[in-house]
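Structure file entry_30.csv; described as CSV, C-alpha atoms and all ligand atoms.
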```csv
chain,number,residue,atom,x,y,z
A,1,MET,CA,1.4,-0.1,-3.0
A,2,VAL,CA,0.5,-3.8,-3.4
A,3,CYS,CA,-1.9,-6.1,-1.4
A,4,LEU,CA,-4.1,-9.0,-2.3
A,5,GLY,CA,-7.4,-7.5,-3.3
A,6,ASN,CA,-6.5,-3.8,-3.7
A,7,ILE,CA,-9.6,-2.8,-1.7
A,8,CYS,CA,-8.4,-2.6,1.9
A,9,ARG,CA,-4.7,-2.2,2.7
A,10,SER,CA,-3.1,-0.8,-0.5
A,11,PRO,CA,-5.8,1.8,-1.1
A,12,ILE,CA,-5.3,3.3,2.3
A,13,ALA,CA,-1.6,3.4,1.7
A,14,ASP,CA,-2.2,4.9,-1.7
A,15,GLY,CA,-4.7,7.5,-0.4
A,16,LEU,CA,-2.6,8.6,2.6
A,17,LEU,CA,0.5,9.0,0.4
A,18,LEU,CA,-1.4,10.9,-2.2
A,19,ARG,CA,-2.8,13.3,0.5
A,20,LYS,CA,0.6,13.8,2.2
A,21,ILE,CA,2.5,14.3,-1.1
A,22,LYS,CA,0.0,16.9,-2.1
A,23,GLU,CA,0.1,18.7,1.3
A,24,LEU,CA,3.9,18.7,1.3
A,25,LYS,CA,4.0,19.7,-2.4
A,26,LEU,CA,6.3,16.7,-3.2
A,27,ASP,CA,6.7,15.3,-6.7
A,28,ALA,CA,5.8,11.6,-7.0
A,29,VAL,CA,3.5,9.3,-8.8
A,30,VAL,CA,1.6,6.9,-6.4
A,31,ASP,CA,-0.6,4.0,-7.4
A,32,SER,CA,-1.9,0.8,-5.9
A,33,ALA,CA,-2.7,-2.7,-7.2
A,34,GLY,CA,-3.7,-6.2,-6.0
A,35,THR,CA,-2.0,-9.4,-6.8
A,36,ALA,CA,-5.4,-11.0,-7.3
A,37,ASN,CA,-8.1,-10.0,-9.8
A,38,TYR,CA,-11.2,-10.6,-7.7
A,39,HIS,CA,-12.1,-7.0,-7.2
A,40,VAL,CA,-10.8,-5.3,-10.3
A,41,GLY,CA,-12.8,-2.1,-11.1
A,42,LYS,CA,-14.3,-1.8,-7.6
A,43,ALA,CA,-14.0,1.0,-5.1
A,44,PRO,CA,-12.2,0.3,-1.8
A,45,ASP,CA,-14.1,-1.7,0.9
A,46,PHE,CA,-16.7,0.5,2.4
A,47,ARG,CA,-15.3,0.0,5.9
A,48,MET,CA,-11.9,1.3,4.8
A,49,ILE,CA,-13.5,4.3,3.0
A,50,GLN,CA,-15.4,5.1,6.2
A,51,THR,CA,-12.4,4.7,8.5
A,52,ALA,CA,-10.3,6.9,6.1
A,53,ALA,CA,-13.0,9.6,5.9
A,54,LYS,CA,-13.2,9.7,9.7
A,55,HIS,CA,-9.6,10.7,9.7
A,56,GLY,CA,-9.8,13.2,6.8
A,57,THR,CA,-8.5,11.0,4.0
A,58,ARG,CA,-10.6,10.4,0.9
A,59,ILE,CA,-10.1,7.1,-0.9
A,60,ASP,CA,-13.5,6.6,-2.4
A,61,PHE,CA,-12.3,7.6,-5.9
A,62,LEU,CA,-9.7,4.8,-6.1
A,63,ARG,CA,-10.5,1.7,-8.2
A,64,ALA,CA,-9.0,-1.7,-7.9
A,65,ARG,CA,-6.6,-3.1,-10.5
A,66,GLN,CA,-4.4,-6.1,-10.7
A,67,PHE,CA,-0.6,-5.8,-10.4
A,68,LEU,CA,1.0,-6.0,-13.8
A,69,LYS,CA,4.5,-7.0,-14.9
A,70,THR,CA,4.7,-3.6,-16.6
A,71,ASP,CA,4.6,-2.0,-13.2
A,72,PHE,CA,8.2,-2.9,-12.8
A,73,ALA,CA,9.1,-0.6,-15.6
A,74,ASN,CA,6.8,2.2,-14.5
A,75,PHE,CA,7.7,2.5,-10.7
A,76,ASP,CA,10.9,2.8,-8.7
A,77,HIS,CA,9.5,1.2,-5.6
A,78,ILE,CA,7.0,-1.6,-5.3
A,79,LEU,CA,5.9,-2.0,-1.7
A,80,VAL,CA,4.0,-5.0,-0.5
A,81,MET,CA,1.8,-5.4,2.5
A,82,ASP,CA,2.6,-9.1,3.4
A,83,GLN,CA,4.7,-12.2,2.7
A,84,SER,CA,2.2,-13.6,0.2
A,85,ASN,CA,2.1,-10.4,-1.8
A,86,TYR,CA,5.9,-10.4,-1.8
A,87,ARG,CA,6.1,-13.9,-3.3
A,88,ASN,CA,3.4,-13.2,-5.9
A,89,VAL,CA,5.1,-10.0,-7.0
A,90,ILE,CA,8.6,-11.5,-7.1
A,91,LYS,CA,7.3,-14.3,-9.4
A,92,LEU,CA,6.4,-11.6,-12.0
A,93,ALA,CA,9.8,-9.8,-11.8
A,94,PRO,CA,11.5,-9.9,-15.2
A,95,ASN,CA,15.1,-9.5,-13.8
A,96,LYS,CA,17.2,-8.9,-10.7
A,97,LEU,CA,16.9,-5.1,-11.0
A,98,ALA,CA,13.1,-5.5,-10.9
A,99,GLU,CA,13.3,-7.8,-7.9
A,100,LYS,CA,15.3,-5.1,-6.1
A,101,LYS,CA,12.5,-2.7,-6.4
A,102,VAL,CA,10.3,-4.8,-4.2
A,103,ASP,CA,10.2,-4.0,-0.4
A,104,PHE,CA,8.0,-4.6,2.5
A,105,PHE,CA,6.0,-1.4,3.1
A,106,LEU,CA,6.3,-1.7,6.8
A,107,ASP,CA,10.1,-1.8,6.6
A,108,TYR,CA,10.1,2.0,6.3
A,109,LEU,CA,8.7,2.0,9.9
A,110,TYR,CA,10.4,-1.1,11.2
A,111,PRO,CA,13.5,-1.6,9.1
A,112,ASN,CA,14.5,-5.1,7.9
A,113,GLN,CA,11.8,-6.9,9.8
A,114,GLN,CA,9.5,-7.8,6.9
A,115,LEU,CA,6.5,-7.2,9.1
A,116,GLU,CA,3.0,-7.5,7.6
A,117,VAL,CA,0.1,-5.1,7.5
A,118,PRO,CA,-2.6,-7.4,8.8
A,119,ASP,CA,-5.4,-8.1,6.4
A,120,PRO,CA,-8.6,-6.6,7.9
A,121,TYR,CA,-11.0,-8.0,5.2
A,122,TYR,CA,-12.5,-10.7,7.5
A,123,GLY,CA,-12.0,-8.5,10.6
A,124,THR,CA,-13.8,-5.9,12.6
A,125,GLN,CA,-14.2,-2.2,12.4
A,126,GLN,CA,-11.4,-2.0,15.0
A,127,ASP,CA,-9.1,-3.9,12.7
A,128,PHE,CA,-9.7,-1.3,10.0
A,129,GLU,CA,-8.9,1.4,12.5
A,130,GLU,CA,-5.7,-0.3,13.5
A,131,VAL,CA,-4.6,-0.7,9.8
A,132,TYR,CA,-5.3,3.0,9.3
A,133,HIS,CA,-3.0,4.1,12.1
A,134,LEU,CA,-0.3,1.6,11.2
A,135,VAL,CA,-0.3,2.8,7.5
A,136,ASP,CA,-0.5,6.4,8.6
A,137,LYS,CA,2.8,6.0,10.6
A,138,ALA,CA,4.4,4.0,7.8
A,139,THR,CA,3.6,6.6,5.2
A,140,ASP,CA,5.2,9.3,7.4
A,141,ALA,CA,8.3,7.1,7.7
A,142,LEU,CA,8.4,6.5,3.9
A,143,ILE,CA,8.2,10.2,3.1
A,144,GLN,CA,11.0,10.9,5.6
A,145,LYS,CA,13.2,8.2,4.1
A,146,LEU,CA,12.5,8.8,0.4
A,147,PHE,CA,12.2,12.6,0.4
A,148,HIS,CA,14.1,14.0,3.4
A,149,GLU,CA,17.2,11.8,3.8
A,150,HIS,CA,19.3,12.6,0.8
A,201,LIG,P1,-6.7,-6.4,0.8
A,201,LIG,O1,-7.8,-7.2,1.5
A,201,LIG,O2,-5.7,-7.4,0.2
A,201,LIG,O3,-6.1,-5.6,1.9
A,201,LIG,O4,-7.4,-5.6,-0.3
A,201,LIG,C1,-8.5,-8.3,0.9
A,201,LIG,C2,-9.6,-8.0,0.1
A,201,LIG,C3,-10.3,-9.1,-0.4
A,201,LIG,C4,-9.9,-10.4,-0.2
A,201,LIG,C5,-8.9,-10.6,0.7
A,201,LIG,C6,-8.1,-9.6,1.2
A,201,LIG,N1,-10.7,-11.4,-0.7
A,201,LIG,O5,-10.4,-12.6,-0.4
A,201,LIG,O6,-11.6,-11.2,-1.5
```

Show me the file's structure as structure tokens.
Ligand code: 4NP
Amino acid sequence: MVCLGNICRSPIADGLLLRKIKELKLDAVVDSAGTANYHVGKAPDFRMIQTAAKHGTRIDFLRARQFLKTDFANFDHILVMDQSNYRNVIKLAPNKLAEKKVDFFLDYLYPNQQLEVPDPYYGTQQDFEEVYHLVDKATDALIQKLFHEH
């Protein structure tokens, strides 16, 4: 799960997936990262932590890290939140196989549309709430697609 800062969008995607994978007893490794290094080592944005907690999902234990070229070797799917993340991640891809691992996270919910999870960082509490619900639906769609359709 990749966004810009790894403190708002990708941590909620990470936290929701971790929770659902555990609840459903699925076997998968999930992690998140940011393309930028501004917030490395920090916990998620407090507004995202609070919104998540309100809906029963803990993300306070997550810590921001920067996306690394080695992530291409360690993960099967690299899911980006917006167009800018896509460009920045693709720039680091060592080969075509690695490039193919990169998808828009929202494509699980709205296939082939390359829609973006809006960045709530400069937004209101309502924007965080909307991101939570969008990511909640998209993680359900992702689990359906990756675990139940083959
Ligand atoms: P995120 O949100 O990419 O969803 O974690 C942002 C967090 C921090 C900044 C921008 C977006 N920033 O400019 O510091």

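As for CA of Gln50 in chain A and CA of Ser32 in chain A, they are spaced 18.6 Å apart.
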
All residues having an atom within 8 Å of ligand LIG 201 (chain A) (all atoms listed in the file) as a PyMOL selection string: chain A and resi 3-11+34+38-39+44-45+81+118-122

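Counting all atoms listed in the file, Asn74 in chain A has the following residues at most 12 Å away, ignoring those fewer than 4 positions along the same chain: Val29, Val30, Asp31, Phe67, Leu68, Lys69, Thr70, Ile78, Ala98 and Lys101 of chain A.
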
Residues as selected, C-alpha atoms, written as a PDB file, in the coordinates of the input, can you do that?
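Output contents, as saved in again26.pdb:
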```
ATOM      1  CA  VAL A  29       3.500   9.300  -8.800  1.00  0.00           C
ATOM      2  CA  VAL A  30       1.600   6.900  -6.400  1.00  0.00           C
ATOM      3  CA  ASP A  31      -0.600   4.000  -7.400  1.00  0.00           C
ATOM      4  CA  PHE A  67      -0.600  -5.800 -10.400  1.00  0.00           C
ATOM      5  CA  LEU A  68       1.000  -6.000 -13.800  1.00  0.00           C
ATOM      6  CA  LYS A  69       4.500  -7.000 -14.900  1.00  0.00           C
ATOM      7  CA  THR A  70       4.700  -3.600 -16.600  1.00  0.00           C
ATOM      8  CA  ILE A  78       7.000  -1.600  -5.300  1.00  0.00           C
ATOM      9  CA  ALA A  98      13.100  -5.500 -10.900  1.00  0.00           C
ATOM     10  CA  LYS A 101      12.500  -2.700  -6.400  1.00  0.00           C
TER      11      LYS A 101
END
```

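Separating CA of Thr57 in chain A from CA of Ala73 in chain A is a distance of 28.8 Å.
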
Counting all atoms listed in the file, what are the residues of range 46-104 of chain A within 8 Å of range 128-147 of chain A, and for each of them which pair of atoms is the nearest and at what distance in Å, to one decimal? Sort the table by chain and rising number, as a tab-separated table.
```
residue	atom	partner	partner_atom	distance
A:Arg47	CA	A:Phe128	CA	7.1
A:Met48	CA	A:Phe128	CA	6.2
A:Thr51	CA	A:Glu129	CA	6.3
A:Ala52	CA	A:Tyr132	CA	7.1
```

Would you output range 56-70 of chain A from that structure, restricted to N, CA, C and O atoms, as a JSON list (two decimals), in the first residue's frame?
```
[["chain", "number", "residue", "atom", "x", "y", "z"],
["A", 56, "GLY", "N", -13.35, 0.83, 14.82],
["A", 56, "GLY", "CA", -12.84, -0.45, 15.33],
["A", 56, "GLY", "C", -11.57, -0.97, 14.69],
["A", 56, "GLY", "O", -11.25, -2.15, 14.79],
["A", 57, "THR", "N", -10.82, -0.09, 14.03],
["A", 57, "THR", "CA", -9.56, -0.52, 13.40],
["A", 57, "THR", "C", -8.40, 0.24, 14.02],
["A", 57, "THR", "O", -8.37, 1.47, 14.00],
["A", 58, "ARG", "N", -7.45, -0.49, 14.58],
["A", 58, "ARG", "CA", -6.28, 0.16, 15.17],
["A", 58, "ARG", "C", -5.20, 0.34, 14.12],
["A", 58, "ARG", "O", -4.86, -0.60, 13.39],
["A", 59, "ILE", "N", -4.64, 1.55, 14.04],
["A", 59, "ILE", "CA", -3.48, 1.76, 13.16],
["A", 59, "ILE", "C", -2.36, 2.51, 13.89],
["A", 59, "ILE", "O", -1.35, 2.85, 13.30],
["A", 60, "ASP", "N", -2.55, 2.74, 15.18],
["A", 60, "ASP", "CA", -1.58, 3.55, 15.95],
["A", 60, "ASP", "C", -0.19, 2.93, 16.05],
["A", 60, "ASP", "O", 0.79, 3.63, 16.26],
["A", 61, "PHE", "N", -0.10, 1.61, 15.86],
["A", 61, "PHE", "CA", 1.19, 0.91, 15.97],
["A", 61, "PHE", "C", 2.02, 1.00, 14.69],
["A", 61, "PHE", "O", 3.20, 0.63, 14.69],
["A", 62, "LEU", "N", 1.42, 1.47, 13.59],
["A", 62, "LEU", "CA", 2.15, 1.54, 12.32],
["A", 62, "LEU", "C", 3.16, 2.69, 12.35],
["A", 62, "LEU", "O", 2.94, 3.70, 13.02],
["A", 63, "ARG", "N", 4.26, 2.55, 11.63],
["A", 63, "ARG", "CA", 5.28, 3.60, 11.54],
["A", 63, "ARG", "C", 5.63, 3.82, 10.08],
["A", 63, "ARG", "O", 5.81, 2.84, 9.33],
["A", 64, "ALA", "N", 5.76, 5.09, 9.71],
["A", 64, "ALA", "CA", 6.00, 5.42, 8.30],
["A", 64, "ALA", "C", 7.40, 5.01, 7.86],
["A", 64, "ALA", "O", 8.37, 5.11, 8.60],
["A", 65, "ARG", "N", 7.47, 4.55, 6.62],
["A", 65, "ARG", "CA", 8.76, 4.27, 5.99],
["A", 65, "ARG", "C", 8.67, 4.69, 4.53],
["A", 65, "ARG", "O", 7.57, 4.88, 4.00],
["A", 66, "GLN", "N", 9.81, 4.82, 3.90],
["A", 66, "GLN", "CA", 9.81, 5.20, 2.49],
["A", 66, "GLN", "C", 9.78, 3.95, 1.62],
["A", 66, "GLN", "O", 10.38, 2.93, 1.96],
["A", 67, "PHE", "N", 9.08, 4.06, 0.49],
["A", 67, "PHE", "CA", 9.06, 2.95, -0.47],
["A", 67, "PHE", "C", 10.47, 2.72, -1.01],
["A", 67, "PHE", "O", 11.19, 3.67, -1.33],
["A", 68, "LEU", "N", 10.85, 1.44, -1.09],
["A", 68, "LEU", "CA", 12.21, 1.08, -1.52],
["A", 68, "LEU", "C", 12.17, 0.22, -2.78],
["A", 68, "LEU", "O", 11.23, -0.55, -2.98],
["A", 69, "LYS", "N", 13.19, 0.34, -3.56],
["A", 69, "LYS", "CA", 13.33, -0.49, -4.76],
["A", 69, "LYS", "C", 13.24, -1.98, -4.42],
["A", 69, "LYS", "O", 12.69, -2.78, -5.18],
["A", 70, "THR", "N", 13.75, -2.37, -3.25],
["A", 70, "THR", "CA", 13.71, -3.78, -2.83],
["A", 70, "THR", "C", 12.28, -4.28, -2.58],
["A", 70, "THR", "O", 12.06, -5.49, -2.56]]
```
